[in-house]
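See below for work_22.cif, which holds mmCIF, C-alpha atoms and all ligand atoms.
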data_work
loop_
_atom_site.group_PDB
_atom_site.id
_atom_site.type_symbol
_atom_site.label_atom_id
_atom_site.label_comp_id
_atom_site.auth_asym_id
_atom_site.auth_seq_id
_atom_site.Cartn_x
_atom_site.Cartn_y
_atom_site.Cartn_z
ATOM 1 C CA MET A 256 -31.998 16.887 29.293
ATOM 2 C CA GLU A 257 -34.010 13.944 30.495
ATOM 3 C CA ASN A 258 -35.964 14.051 27.297
ATOM 4 C CA PHE A 259 -32.758 14.133 25.315
ATOM 5 C CA ASN A 260 -31.473 11.027 27.121
ATOM 6 C CA GLN A 261 -34.740 9.248 26.509
ATOM 7 C CA GLN A 262 -34.441 10.003 22.824
ATOM 8 C CA ILE A 263 -30.941 8.596 22.708
ATOM 9 C CA GLN A 264 -32.244 5.448 24.353
ATOM 10 C CA VAL A 265 -34.944 5.166 21.745
ATOM 11 C CA ARG A 266 -32.438 5.597 18.954
ATOM 12 C CA LYS A 267 -30.206 2.870 20.349
ATOM 13 C CA SER A 268 -32.909 0.324 20.990
ATOM 14 C CA GLY A 269 -34.529 1.402 17.748
ATOM 15 C CA ALA A 270 -31.730 -0.368 15.874
ATOM 16 C CA ASN A 271 -33.993 -3.342 16.334
ATOM 17 C CA ILE A 272 -37.106 -2.578 14.324
ATOM 18 C CA LEU A 273 -38.944 -5.410 16.086
ATOM 19 C CA ARG A 274 -38.970 -3.639 19.439
ATOM 20 C CA LYS A 275 -42.474 -3.461 20.838
ATOM 21 C CA PRO A 276 -43.209 -0.721 23.369
ATOM 22 C CA SER A 277 -44.558 -2.168 26.576
ATOM 23 C CA ILE A 278 -45.318 0.972 28.525
ATOM 24 C CA LYS A 279 -46.841 4.287 27.645
ATOM 25 C CA GLU A 280 -43.987 6.349 26.367
ATOM 26 C CA VAL A 281 -43.751 9.927 25.366
ATOM 27 C CA GLU A 282 -41.313 9.622 22.519
ATOM 28 C CA PRO A 283 -42.157 9.609 18.855
ATOM 29 C CA ALA A 284 -42.846 6.224 17.290
ATOM 30 C CA ILE A 285 -42.329 7.719 13.846
ATOM 31 C CA VAL A 286 -40.189 10.686 12.885
ATOM 32 C CA VAL A 287 -40.721 12.164 9.424
ATOM 33 C CA ASN A 288 -37.989 14.451 8.203
ATOM 34 C CA ASN A 289 -38.123 16.521 5.034
ATOM 35 C CA LEU A 290 -40.360 14.078 3.236
ATOM 36 C CA THR A 291 -41.190 14.771 -0.393
ATOM 37 C CA ALA A 292 -43.397 12.331 -2.279
ATOM 38 C CA SER A 293 -44.419 12.364 -5.902
ATOM 39 C CA TYR A 294 -46.285 10.567 -8.649
ATOM 40 C CA GLY A 295 -44.085 10.960 -11.722
ATOM 41 C CA ASP A 296 -43.021 14.624 -11.708
ATOM 42 C CA HIS A 297 -45.982 15.722 -9.617
ATOM 43 C CA HIS A 298 -44.823 16.473 -6.056
ATOM 44 C CA VAL A 299 -47.833 15.898 -3.795
ATOM 45 C CA ILE A 300 -46.029 15.942 -0.426
ATOM 46 C CA ARG A 301 -43.487 18.695 -0.014
ATOM 47 C CA GLU A 302 -40.807 18.760 2.673
ATOM 48 C CA VAL A 303 -42.982 17.510 5.463
ATOM 49 C CA SER A 304 -41.366 17.048 8.878
ATOM 50 C CA VAL A 305 -43.444 15.766 11.766
ATOM 51 C CA GLU A 306 -43.302 13.444 14.761
ATOM 52 C CA ILE A 307 -45.955 10.810 15.453
ATOM 53 C CA MET A 308 -46.024 10.219 19.200
ATOM 54 C CA ARG A 309 -46.106 6.705 20.575
ATOM 55 C CA ASN A 310 -49.442 5.507 22.002
ATOM 56 C CA HIS A 311 -51.166 8.646 20.826
ATOM 57 C CA VAL A 312 -53.935 8.965 18.292
ATOM 58 C CA THR A 313 -52.864 11.417 15.611
ATOM 59 C CA ALA A 314 -55.432 12.780 13.164
ATOM 60 C CA ILE A 315 -54.502 14.088 9.723
ATOM 61 C CA ILE A 316 -56.985 16.621 8.361
ATOM 62 C CA GLY A 317 -57.088 18.826 5.273
ATOM 63 C CA PRO A 318 -59.064 19.328 2.074
ATOM 64 C CA SER A 319 -59.436 16.595 -0.519
ATOM 65 C CA GLY A 320 -56.311 16.087 -2.600
ATOM 66 C CA CYS A 321 -53.953 17.786 -0.124
ATOM 67 C CA GLY A 322 -51.917 14.600 0.254
ATOM 68 C CA LYS A 323 -53.278 12.965 3.429
ATOM 69 C CA SER A 324 -53.495 9.453 1.978
ATOM 70 C CA THR A 325 -50.126 9.782 0.290
ATOM 71 C CA LEU A 326 -48.481 10.888 3.528
ATOM 72 C CA LEU A 327 -50.094 7.966 5.335
ATOM 73 C CA ARG A 328 -48.898 5.512 2.701
ATOM 74 C CA CYS A 329 -45.357 6.887 2.963
ATOM 75 C CA LEU A 330 -45.341 5.851 6.631
ATOM 76 C CA ASN A 331 -45.418 2.124 5.861
ATOM 77 C CA ARG A 332 -43.930 2.048 2.370
ATOM 78 C CA LEU A 333 -47.210 1.465 0.588
ATOM 79 C CA HIS A 334 -46.593 4.578 -1.525
ATOM 80 C CA GLU A 335 -43.808 2.849 -3.427
ATOM 81 C CA THR A 336 -46.209 0.159 -4.665
ATOM 82 C CA VAL A 337 -47.586 2.730 -7.147
ATOM 83 C CA PRO A 338 -45.387 2.358 -10.278
ATOM 84 C CA THR A 339 -44.559 6.060 -10.811
ATOM 85 C CA ALA A 340 -44.294 6.897 -7.126
ATOM 86 C CA LYS A 341 -41.152 8.369 -5.640
ATOM 87 C CA VAL A 342 -40.193 9.374 -2.142
ATOM 88 C CA LYS A 343 -37.343 11.470 -0.756
ATOM 89 C CA GLY A 344 -36.447 12.259 2.834
ATOM 90 C CA VAL A 345 -36.513 10.237 6.020
ATOM 91 C CA VAL A 346 -39.187 8.218 7.785
ATOM 92 C CA ALA A 347 -37.728 6.686 10.944
ATOM 93 C CA PHE A 348 -39.682 4.088 12.886
ATOM 94 C CA ASN A 349 -38.362 3.337 16.363
ATOM 95 C CA GLY A 350 -35.211 5.146 15.310
ATOM 96 C CA SER A 351 -34.513 3.165 12.115
ATOM 97 C CA SER A 352 -35.097 4.463 8.610
ATOM 98 C CA ILE A 353 -37.842 2.439 6.950
ATOM 99 C CA TYR A 354 -36.430 3.371 3.539
ATOM 100 C CA ASP A 355 -32.993 2.040 4.389
ATOM 101 C CA GLN A 356 -31.897 -0.428 1.713
ATOM 102 C CA HIS A 357 -31.546 -3.160 4.346
ATOM 103 C CA THR A 358 -35.065 -2.695 5.675
ATOM 104 C CA ASN A 359 -37.656 -5.188 4.501
ATOM 105 C CA ALA A 360 -40.848 -3.458 3.288
ATOM 106 C CA ILE A 361 -43.026 -6.449 4.225
ATOM 107 C CA GLU A 362 -41.735 -6.363 7.793
ATOM 108 C CA VAL A 363 -42.321 -2.587 7.935
ATOM 109 C CA ARG A 364 -45.946 -3.165 6.890
ATOM 110 C CA ARG A 365 -46.374 -5.867 9.510
ATOM 111 C CA GLN A 366 -45.208 -3.438 12.182
ATOM 112 C CA ILE A 367 -47.151 -0.528 10.724
ATOM 113 C CA GLY A 368 -50.529 -1.896 9.661
ATOM 114 C CA MET A 369 -53.180 -0.198 7.572
ATOM 115 C CA VAL A 370 -56.951 0.018 7.270
ATOM 116 C CA PHE A 371 -58.557 1.630 4.235
ATOM 117 C CA GLN A 372 -61.631 3.733 3.546
ATOM 118 C CA ARG A 373 -63.638 0.919 2.000
ATOM 119 C CA PRO A 374 -63.635 -2.363 3.893
ATOM 120 C CA THR A 375 -61.478 -4.763 1.891
ATOM 121 C CA PRO A 376 -62.229 -8.300 3.094
ATOM 122 C CA PHE A 377 -61.003 -11.072 0.792
ATOM 123 C CA PRO A 378 -64.293 -12.148 -0.797
ATOM 124 C CA THR A 379 -63.464 -15.805 -1.307
ATOM 125 C CA MET A 380 -62.223 -16.333 2.246
ATOM 126 C CA SER A 381 -64.069 -17.190 5.429
ATOM 127 C CA ILE A 382 -64.224 -14.770 8.349
ATOM 128 C CA ARG A 383 -61.531 -16.760 10.155
ATOM 129 C CA ASP A 384 -59.227 -16.933 7.150
ATOM 130 C CA ASN A 385 -59.617 -13.207 6.543
ATOM 131 C CA VAL A 386 -58.345 -12.453 10.026
ATOM 132 C CA ALA A 387 -55.528 -14.999 9.654
ATOM 133 C CA ALA A 388 -54.527 -13.814 6.171
ATOM 134 C CA GLY A 389 -51.520 -11.771 7.282
ATOM 135 C CA LEU A 390 -50.101 -14.487 9.529
ATOM 136 C CA ARG A 391 -48.837 -16.667 6.698
ATOM 137 C CA VAL A 392 -46.132 -14.222 5.680
ATOM 138 C CA LEU A 393 -44.610 -14.026 9.155
ATOM 139 C CA ASP A 394 -41.091 -15.417 9.609
ATOM 140 C CA ASP A 395 -42.320 -18.032 12.039
ATOM 141 C CA PRO A 396 -45.985 -18.428 11.087
ATOM 142 C CA PRO A 397 -48.325 -19.770 13.776
ATOM 143 C CA LYS A 398 -50.084 -23.088 13.127
ATOM 144 C CA GLY A 399 -53.391 -24.822 13.902
ATOM 145 C CA LYS A 400 -54.683 -23.971 17.348
ATOM 146 C CA GLU A 401 -52.310 -21.032 17.642
ATOM 147 C CA ILE A 402 -53.965 -19.451 14.607
ATOM 148 C CA ASP A 403 -57.394 -19.935 16.193
ATOM 149 C CA GLU A 404 -56.195 -18.223 19.358
ATOM 150 C CA ILE A 405 -54.820 -15.268 17.447
ATOM 151 C CA VAL A 406 -58.023 -15.003 15.389
ATOM 152 C CA GLU A 407 -60.072 -14.968 18.596
ATOM 153 C CA MET A 408 -57.797 -12.357 20.192
ATOM 154 C CA ALA A 409 -57.987 -10.098 17.132
ATOM 155 C CA LEU A 410 -61.772 -10.456 16.806
ATOM 156 C CA LYS A 411 -62.218 -9.724 20.502
ATOM 157 C CA ARG A 412 -60.046 -6.630 20.264
ATOM 158 C CA SER A 413 -61.936 -5.405 17.224
ATOM 159 C CA GLY A 414 -65.225 -5.890 19.069
ATOM 160 C CA LEU A 415 -66.520 -8.446 16.565
ATOM 161 C CA TRP A 416 -66.094 -11.735 18.407
ATOM 162 C CA THR A 417 -69.579 -12.093 19.891
ATOM 163 C CA GLU A 418 -71.129 -11.227 16.529
ATOM 164 C CA VAL A 419 -69.185 -13.775 14.477
ATOM 165 C CA ARG A 420 -68.012 -16.557 16.823
ATOM 166 C CA ASP A 421 -70.663 -18.957 15.492
ATOM 167 C CA ARG A 422 -69.974 -18.262 11.844
ATOM 168 C CA LEU A 423 -66.198 -18.151 11.560
ATOM 169 C CA LYS A 424 -66.246 -20.507 8.579
ATOM 170 C CA GLU A 425 -68.792 -18.446 6.657
ATOM 171 C CA SER A 426 -67.822 -15.979 3.957
ATOM 172 C CA ALA A 427 -66.826 -12.502 5.102
ATOM 173 C CA ILE A 428 -69.071 -11.082 2.395
ATOM 174 C CA GLY A 429 -72.122 -11.856 4.521
ATOM 175 C CA LEU A 430 -71.096 -9.243 7.076
ATOM 176 C CA SER A 431 -72.461 -5.689 7.115
ATOM 177 C CA GLY A 432 -70.205 -2.806 6.031
ATOM 178 C CA GLY A 433 -69.404 -1.864 9.616
ATOM 179 C CA GLN A 434 -68.655 -5.473 10.526
ATOM 180 C CA GLN A 435 -66.454 -5.821 7.451
ATOM 181 C CA GLN A 436 -64.460 -2.774 8.529
ATOM 182 C CA ARG A 437 -63.986 -4.210 12.026
ATOM 183 C CA LEU A 438 -62.931 -7.464 10.345
ATOM 184 C CA CYS A 439 -60.278 -5.517 8.429
ATOM 185 C CA ILE A 440 -59.118 -3.987 11.701
ATOM 186 C CA ALA A 441 -58.949 -7.501 13.189
ATOM 187 C CA ARG A 442 -56.892 -8.616 10.195
ATOM 188 C CA ALA A 443 -54.572 -5.638 10.619
ATOM 189 C CA ILE A 444 -54.024 -6.227 14.334
ATOM 190 C CA ALA A 445 -53.647 -10.037 14.091
ATOM 191 C CA THR A 446 -49.959 -9.608 13.242
ATOM 192 C CA ARG A 447 -49.564 -7.363 16.288
ATOM 193 C CA PRO A 448 -48.419 -4.139 14.650
ATOM 194 C CA SER A 449 -47.382 -1.347 16.990
ATOM 195 C CA VAL A 450 -48.721 1.323 14.650
ATOM 196 C CA LEU A 451 -52.082 1.319 12.878
ATOM 197 C CA LEU A 452 -52.696 3.681 9.966
ATOM 198 C CA MET A 453 -56.369 4.321 9.190
ATOM 199 C CA ASP A 454 -57.366 6.145 6.012
ATOM 200 C CA GLU A 455 -60.880 7.559 6.523
ATOM 201 C CA PRO A 456 -61.949 4.270 8.139
ATOM 202 C CA THR A 457 -65.534 5.388 8.756
ATOM 203 C CA ALA A 458 -66.183 7.349 5.563
ATOM 204 C CA SER A 459 -68.378 4.607 4.122
ATOM 205 C CA LEU A 460 -70.131 3.674 7.368
ATOM 206 C CA ASP A 461 -73.393 4.619 9.079
ATOM 207 C CA PRO A 462 -73.304 6.597 12.364
ATOM 208 C CA ILE A 463 -73.647 3.560 14.633
ATOM 209 C CA SER A 464 -70.864 1.639 12.908
ATOM 210 C CA THR A 465 -68.806 4.835 12.990
ATOM 211 C CA GLN A 466 -69.276 5.101 16.716
ATOM 212 C CA LYS A 467 -68.183 1.483 17.174
ATOM 213 C CA ILE A 468 -64.973 2.174 15.264
ATOM 214 C CA GLU A 469 -64.333 5.307 17.328
ATOM 215 C CA THR A 470 -64.802 3.327 20.556
ATOM 216 C CA LEU A 471 -62.434 0.736 19.182
ATOM 217 C CA ILE A 472 -59.793 3.374 18.414
ATOM 218 C CA ASP A 473 -60.086 4.528 21.995
ATOM 219 C CA GLU A 474 -59.406 0.984 23.221
ATOM 220 C CA LEU A 475 -56.583 0.227 20.786
ATOM 221 C CA ARG A 476 -54.683 3.364 21.790
ATOM 222 C CA GLU A 477 -53.827 1.598 25.088
ATOM 223 C CA ASP A 478 -50.957 -0.185 23.428
ATOM 224 C CA MET A 479 -50.876 1.106 19.874
ATOM 225 C CA THR A 480 -49.918 4.216 18.010
ATOM 226 C CA ILE A 481 -52.736 5.249 15.694
ATOM 227 C CA VAL A 482 -52.737 7.654 12.767
ATOM 228 C CA ILE A 483 -56.161 8.394 11.314
ATOM 229 C CA VAL A 484 -57.011 10.428 8.246
ATOM 230 C CA THR A 485 -60.472 11.911 8.540
ATOM 231 C CA HIS A 486 -62.677 14.373 6.708
ATOM 232 C CA ASN A 487 -64.854 14.637 9.738
ATOM 233 C CA MET A 488 -63.626 17.426 11.992
ATOM 234 C CA GLN A 489 -65.793 16.326 14.921
ATOM 235 C CA GLN A 490 -64.274 12.897 14.615
ATOM 236 C CA ALA A 491 -60.741 14.304 14.704
ATOM 237 C CA ALA A 492 -61.676 16.322 17.787
ATOM 238 C CA ARG A 493 -63.284 13.306 19.458
ATOM 239 C CA VAL A 494 -60.719 10.599 18.849
ATOM 240 C CA SER A 495 -57.318 12.244 18.557
ATOM 241 C CA ASP A 496 -54.703 13.587 20.954
ATOM 242 C CA HIS A 497 -52.770 15.304 18.237
ATOM 243 C CA THR A 498 -53.813 16.788 14.893
ATOM 244 C CA ILE A 499 -51.874 17.524 11.733
ATOM 245 C CA PHE A 500 -53.375 20.013 9.274
ATOM 246 C CA MET A 501 -52.219 19.794 5.668
ATOM 247 C CA LEU A 502 -52.761 22.015 2.653
ATOM 248 C CA ASN A 503 -51.490 21.458 -0.910
ATOM 249 C CA GLY A 504 -48.971 18.827 0.104
ATOM 250 C CA GLU A 505 -47.520 20.895 2.923
ATOM 251 C CA LEU A 506 -47.851 20.571 6.636
ATOM 252 C CA VAL A 507 -49.408 23.772 7.940
ATOM 253 C CA GLU A 508 -49.680 22.933 11.612
ATOM 254 C CA SER A 509 -49.160 20.000 13.956
ATOM 255 C CA SER A 510 -50.354 20.456 17.524
ATOM 256 C CA ALA A 511 -52.297 18.981 20.384
ATOM 257 C CA THR A 512 -55.867 18.514 19.142
ATOM 258 C CA PRO A 513 -57.457 21.072 21.540
ATOM 259 C CA ILE A 514 -55.025 23.704 20.255
ATOM 260 C CA ILE A 515 -55.796 22.966 16.599
ATOM 261 C CA PHE A 516 -59.525 23.345 17.240
ATOM 262 C CA ALA A 517 -59.587 26.119 19.832
ATOM 263 C CA SER A 518 -56.531 28.280 19.264
ATOM 264 C CA PRO A 519 -54.579 27.290 16.156
ATOM 265 C CA LYS A 520 -51.393 29.219 15.439
ATOM 266 C CA ASP A 521 -51.854 29.474 11.692
ATOM 267 C CA PRO A 522 -54.753 31.487 10.231
ATOM 268 C CA ARG A 523 -55.156 28.855 7.499
ATOM 269 C CA THR A 524 -55.795 26.200 10.163
ATOM 270 C CA GLU A 525 -58.369 28.413 11.797
ATOM 271 C CA ALA A 526 -60.099 29.068 8.472
ATOM 272 C CA TYR A 527 -60.273 25.329 7.803
ATOM 273 C CA VAL A 528 -61.481 24.133 11.190
ATOM 274 C CA THR A 529 -64.123 26.851 11.384
ATOM 275 C CA GLY A 530 -65.365 26.002 7.894
ATOM 276 C CA ARG A 531 -64.355 29.332 6.349
ATOM 277 C CA PHE A 532 -61.940 27.631 4.001
ATOM 278 C CA GLY A 533 -61.712 28.494 0.274
HETATM 279 P P1 LIG B 601 -56.013 13.187 -0.014
HETATM 280 O O1 LIG B 601 -55.924 11.851 0.629
HETATM 281 O O2 LIG B 601 -55.696 14.318 0.893
HETATM 282 O O3 LIG B 601 -57.324 13.406 -0.702
HETATM 283 P P2 LIG B 601 -54.089 12.092 -1.913
HETATM 284 O O4 LIG B 601 -52.868 11.763 -1.149
HETATM 285 O O5 LIG B 601 -54.983 10.988 -2.276
HETATM 286 O O6 LIG B 601 -54.876 13.258 -1.141
HETATM 287 O O7 LIG B 601 -53.682 12.825 -3.255
HETATM 288 C C1 LIG B 601 -52.760 13.869 -3.308
HETATM 289 C C2 LIG B 601 -52.500 14.225 -4.775
HETATM 290 O O8 LIG B 601 -51.870 13.120 -5.408
HETATM 291 C C3 LIG B 601 -53.764 14.528 -5.553
HETATM 292 O O9 LIG B 601 -53.458 15.571 -6.451
HETATM 293 C C4 LIG B 601 -54.023 13.236 -6.291
HETATM 294 O O10 LIG B 601 -54.691 13.487 -7.503
HETATM 295 C C5 LIG B 601 -52.627 12.700 -6.531
HETATM 296 N N1 LIG B 601 -52.600 11.228 -6.566
HETATM 297 C C6 LIG B 601 -53.063 10.386 -5.622
HETATM 298 N N2 LIG B 601 -52.859 9.107 -5.958
HETATM 299 C C7 LIG B 601 -52.283 9.118 -7.186
HETATM 300 C C8 LIG B 601 -51.818 8.096 -8.085
HETATM 301 N N3 LIG B 601 -51.929 6.796 -7.809
HETATM 302 N N4 LIG B 601 -51.273 8.513 -9.269
HETATM 303 C C9 LIG B 601 -51.154 9.819 -9.557
HETATM 304 N N5 LIG B 601 -51.560 10.821 -8.747
HETATM 305 C C10 LIG B 601 -52.112 10.490 -7.585
HETATM 306 MG MG MG B 602 -57.345 10.297 0.794
#
Whole structure given in C-alpha cells:
Amino acid sequence: MENFNQQIQVRKSGANILRKPSIKEVEPAIVVNNLTASYGDHHVIREVSVEIMRNHVTAIIGPSGCGKSTLLRCLNRLHETVPTAKVKGVVAFNGSSIYDQHTNAIEVRRQIGMVFQRPTPFPTMSIRDNVAAGLRVLDDPPKGKEIDEIVEMALKRSGLWTEVRDRLKESAIGLSGGQQQRLCIARAIATRPSVLLMDEPTASLDPISTQKIETLIDELREDMTIVIVTHNMQQAARVSDHTIFMLNGELVESSATPIIFASPKDPRTEAYVTGRFG
C-alpha cells in the first residue's frame, strides 16, 4: 500500500516534467508500456513493457540487432529523428508521457541525455565549447562566468578536469578516444539531465579508458538514473543494479543483475549469459 501511495505521488508531481529527484527513490523514473517501434514496416521493438528505476544503473543486453539501441533511442525521442521511424505505446518519464503532443522533444532530450558508442565531439569546437554546446538551447541559457562554472562542474564530474584545465581553448580533437568519450559525458551532463542513456559507451575504448568510464558510472549513479547498453557481459555484471535481456525485439527478462547472471528465470537468458546462445 505504501508503495502504491508513493506511486500516486510520483504521478502527481510527475505532471511537471522538470522535477528533479533530490533523494534516492525507489520508484521508476521511466515506465515503458507496450512499446512497439519500427523502421518503415519492419517492427524491431515489439510490445516491450519495462520500468527503469530511479537512481539505478540498468543494463540492456542481447545479441546484435535485437533492438537495444532502438529501445534506448525510444526513451528520449531520438528514434523519431530517423525519417521512416515509428513508435507506438507509452514511455512515461516522471509520470508524464514523453510522446504526448504537448511535450517538447528538445526538453525531453535535455532531461534524458545520451552518450553514443563512438565519441562524438564537435571537431571545430574547443574543449570548453564542446561541454557548453547543449547550454545554448536552454530556455534561460547561462552566460559568461556561469558557463565557465558549469563547464568546470561537468568536467570535474566526468573526471576530465585535471587533464584538460590548462587547454580548455584547444580543439577537442587533440584528446585521446577515452578523453573524448568523457568529454561527451561532460557535455551530456552539463545540462543536468536526470537520466543518462549510454549506448555501448566503451565499445571503442581500451581497457584503462573503459575502467575510467565504469568508475564514472558508479559516481554518477549517486544522483542520476543510468541506462547502459553493453555487449560486454562482465561490464553489465560490474556496473548495473538491474539488467534487461532482449531477443529479436522482445524483452525476455528484466531482473536484478545478480538474478540475471546467477539464476535467470528464462532458459533463453541463461543460454545467453553463459555463452551457449545460438
Ligand atoms: P542493437 O542495438 O541491438 O544491435 P538496433 O536497435 O540497432 O539493434 O537494430 C534493431 C534492428 O533495427 C536491426 O534489424 C537493424 O538492422 C534495424 N535498424 C536499426 N537502425 C535502423 C535504421 N536507421 N533504418 C532501418 N533499420 C534499422
Ligand atoms: Mg546498438
(message) Considering all atoms listed in the file, can you say which of A:Gly530, A:Gly350, A:Gly399, A:Gly317 comes closest to ligand MG 602 (chain B)?
(response)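 Looking at the shortest contact to ligand MG 602 (chain B), the residue is A:Gly317.
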(request) Find the spatial neighbours of Gln436 (chain A), counting only C-alpha atoms, within a cut-off of 8 Å - ignore same-chain residues fewer than 4 positions away - and output them as a list in words. (result)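 My list of contacting residues is Arg373, Pro374, Thr375, Gly432, Ile440 and Pro456 of chain A.
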Go ahead and write the residues just picked, C-alpha atoms, as an mmCIF file, keeping the file's coordinate frame.
data_model
loop_
_atom_site.group_PDB
_atom_site.id
_atom_site.type_symbol
_atom_site.label_atom_id
_atom_site.label_comp_id
_atom_site.auth_asym_id
_atom_site.auth_seq_id
_atom_site.Cartn_x
_atom_site.Cartn_y
_atom_site.Cartn_z
ATOM 1 C CA ARG A 373 -63.638 0.919 2.000
ATOM 2 C CA PRO A 374 -63.635 -2.363 3.893
ATOM 3 C CA THR A 375 -61.478 -4.763 1.891
ATOM 4 C CA GLY A 432 -70.205 -2.806 6.031
ATOM 5 C CA ILE A 440 -59.118 -3.987 11.701
ATOM 6 C CA PRO A 456 -61.949 4.270 8.139
#
Can you list every residue of chain A that has an atom at most 12 Å from ligand LIG 601 (chain B), with its nearest atom pair and the distance in Å to one decimal, using only C-alpha atoms and all ligand atoms, ordered by chain then number, as a Markdown table?
| residue | atom | partner | partner_atom | distance |
| --- | --- | --- | --- | --- |
| A:Thr291 | CA | B:LIG601 | O8 | 11.9 |
| A:Ala292 | CA | B:LIG601 | O8 | 9.1 |
| A:Ser293 | CA | B:LIG601 | O8 | 7.5 |
| A:Tyr294 | CA | B:LIG601 | C9 | 5.0 |
| A:Gly295 | CA | B:LIG601 | C9 | 7.5 |
| A:Asp296 | CA | B:LIG601 | C9 | 9.7 |
| A:His297 | CA | B:LIG601 | N5 | 7.5 |
| A:His298 | CA | B:LIG601 | O8 | 7.8 |
| A:Val299 | CA | B:LIG601 | C2 | 5.1 |
| A:Ile300 | CA | B:LIG601 | C1 | 7.6 |
| A:Arg301 | CA | B:LIG601 | C1 | 11.0 |
| A:Ile315 | CA | B:LIG601 | O2 | 8.9 |
| A:Ile316 | CA | B:LIG601 | O2 | 7.9 |
| A:Gly317 | CA | B:LIG601 | O2 | 6.4 |
| A:Pro318 | CA | B:LIG601 | O2 | 6.2 |
| A:Ser319 | CA | B:LIG601 | O3 | 3.8 |
| A:Gly320 | CA | B:LIG601 | O3 | 3.4 |
| A:Cys321 | CA | B:LIG601 | O2 | 4.0 |
| A:Gly322 | CA | B:LIG601 | O4 | 3.3 |
| A:Lys323 | CA | B:LIG601 | O2 | 3.8 |
| A:Ser324 | CA | B:LIG601 | O1 | 3.7 |
| A:Thr325 | CA | B:LIG601 | O4 | 3.7 |
| A:Leu326 | CA | B:LIG601 | O4 | 6.5 |
| A:Leu327 | CA | B:LIG601 | O4 | 8.0 |
| A:Arg328 | CA | B:LIG601 | O4 | 8.3 |
| A:Cys329 | CA | B:LIG601 | O4 | 9.9 |
| A:Leu333 | CA | B:LIG601 | N3 | 11.0 |
| A:His334 | CA | B:LIG601 | N3 | 8.5 |
| A:Glu335 | CA | B:LIG601 | N3 | 10.0 |
| A:Thr336 | CA | B:LIG601 | N3 | 9.3 |
| A:Val337 | CA | B:LIG601 | N3 | 6.0 |
| A:Pro338 | CA | B:LIG601 | N3 | 8.3 |
| A:Thr339 | CA | B:LIG601 | N4 | 7.3 |
| A:Ala340 | CA | B:LIG601 | N4 | 7.5 |
| A:Lys341 | CA | B:LIG601 | N4 | 10.8 |
| A:Phe371 | CA | B:LIG601 | O1 | 11.2 |
| A:Gln372 | CA | B:LIG601 | O1 | 10.3 |
| A:Met453 | CA | B:LIG601 | O1 | 11.4 |
| A:Asp454 | CA | B:LIG601 | O1 | 8.0 |
| A:Glu455 | CA | B:LIG601 | O1 | 8.8 |
| A:Ile483 | CA | B:LIG601 | O1 | 11.2 |
| A:Val484 | CA | B:LIG601 | O1 | 7.8 |
| A:Thr485 | CA | B:LIG601 | O1 | 9.1 |
| A:His486 | CA | B:LIG601 | O2 | 9.1 |
| A:Ile499 | CA | B:LIG601 | O2 | 11.9 |
| A:Phe500 | CA | B:LIG601 | O2 | 10.4 |
| A:Met501 | CA | B:LIG601 | O2 | 8.1 |
| A:Leu502 | CA | B:LIG601 | O2 | 8.4 |
| A:Asn503 | CA | B:LIG601 | C1 | 8.1 |
| A:Gly504 | CA | B:LIG601 | C1 | 7.1 |
| A:Glu505 | CA | B:LIG601 | O2 | 10.7 |
| A:Leu506 | CA | B:LIG601 | O2 | 11.6 |
(message) Between A:Leu410, A:Ile481, A:Ala388, A:Ile472, which residue has the minimum interatomic distance to Arg493 (chain A), considering all atoms listed in the file?
(response) A:Ile472
(request) Rank A:Arg365, A:Arg391, A:His357, A:Arg412 by their smallest atom-to-atom distance to Ser449 (chain A), using all atoms listed in the file, and report the top residue only. (result)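 Looking only at the distances to Ser449 (chain A), the closest residue turns out to be A:Arg365.
You will find CA of Asn331 (chain A) at 7.7 Å from CA of Ile353 (chain A).
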(message) What's the separation between CA of Ala409 (chain A) and CA of Ala441 (chain A), in Å to one decimal place?
(response)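 Spanning CA of Ala409 (chain A) to CA of Ala441 (chain A) is a straight-line distance of 4.8 Å.
CA of Glu418 (chain A) sits 28.1 Å away from CA of Arg364 (chain A).
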(message) I need the output of the PyMOL selection byres (((chain A and resi 286) around 12) and not hetatm) for this file as a PyMOL selection string; which residues are they?
(response) chain A and resi 262+265-266+269+282-285+287-290+303-309+329-330+344-353
Store the residues of this selection in a file with C-alpha atoms, as a JSON list (two decimals), in the coordinates of the input.
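Output file part_20.json follows:
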[["chain", "number", "residue", "atom", "x", "y", "z"],
["A", 262, "GLN", "CA", -34.44, 10.00, 22.82],
["A", 265, "VAL", "CA", -34.94, 5.17, 21.74],
["A", 266, "ARG", "CA", -32.44, 5.60, 18.95],
["A", 269, "GLY", "CA", -34.53, 1.40, 17.75],
["A", 282, "GLU", "CA", -41.31, 9.62, 22.52],
["A", 283, "PRO", "CA", -42.16, 9.61, 18.86],
["A", 284, "ALA", "CA", -42.85, 6.22, 17.29],
["A", 285, "ILE", "CA", -42.33, 7.72, 13.85],
["A", 287, "VAL", "CA", -40.72, 12.16, 9.42],
["A", 288, "ASN", "CA", -37.99, 14.45, 8.20],
["A", 289, "ASN", "CA", -38.12, 16.52, 5.03],
["A", 290, "LEU", "CA", -40.36, 14.08, 3.24],
["A", 303, "VAL", "CA", -42.98, 17.51, 5.46],
["A", 304, "SER", "CA", -41.37, 17.05, 8.88],
["A", 305, "VAL", "CA", -43.44, 15.77, 11.77],
["A", 306, "GLU", "CA", -43.30, 13.44, 14.76],
["A", 307, "ILE", "CA", -45.96, 10.81, 15.45],
["A", 308, "MET", "CA", -46.02, 10.22, 19.20],
["A", 309, "ARG", "CA", -46.11, 6.70, 20.58],
["A", 329, "CYS", "CA", -45.36, 6.89, 2.96],
["A", 330, "LEU", "CA", -45.34, 5.85, 6.63],
["A", 344, "GLY", "CA", -36.45, 12.26, 2.83],
["A", 345, "VAL", "CA", -36.51, 10.24, 6.02],
["A", 346, "VAL", "CA", -39.19, 8.22, 7.78],
["A", 347, "ALA", "CA", -37.73, 6.69, 10.94],
["A", 348, "PHE", "CA", -39.68, 4.09, 12.89],
["A", 349, "ASN", "CA", -38.36, 3.34, 16.36],
["A", 350, "GLY", "CA", -35.21, 5.15, 15.31],
["A", 351, "SER", "CA", -34.51, 3.16, 12.12],
["A", 352, "SER", "CA", -35.10, 4.46, 8.61],
["A", 353, "ILE", "CA", -37.84, 2.44, 6.95]]
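Each of A:Leu390, A:Gly414, A:Ala458, A:Lys400 was compared to ligand MG 602 (chain B) using all atoms listed in the file, and A:Ala458 turns out to be the nearest.
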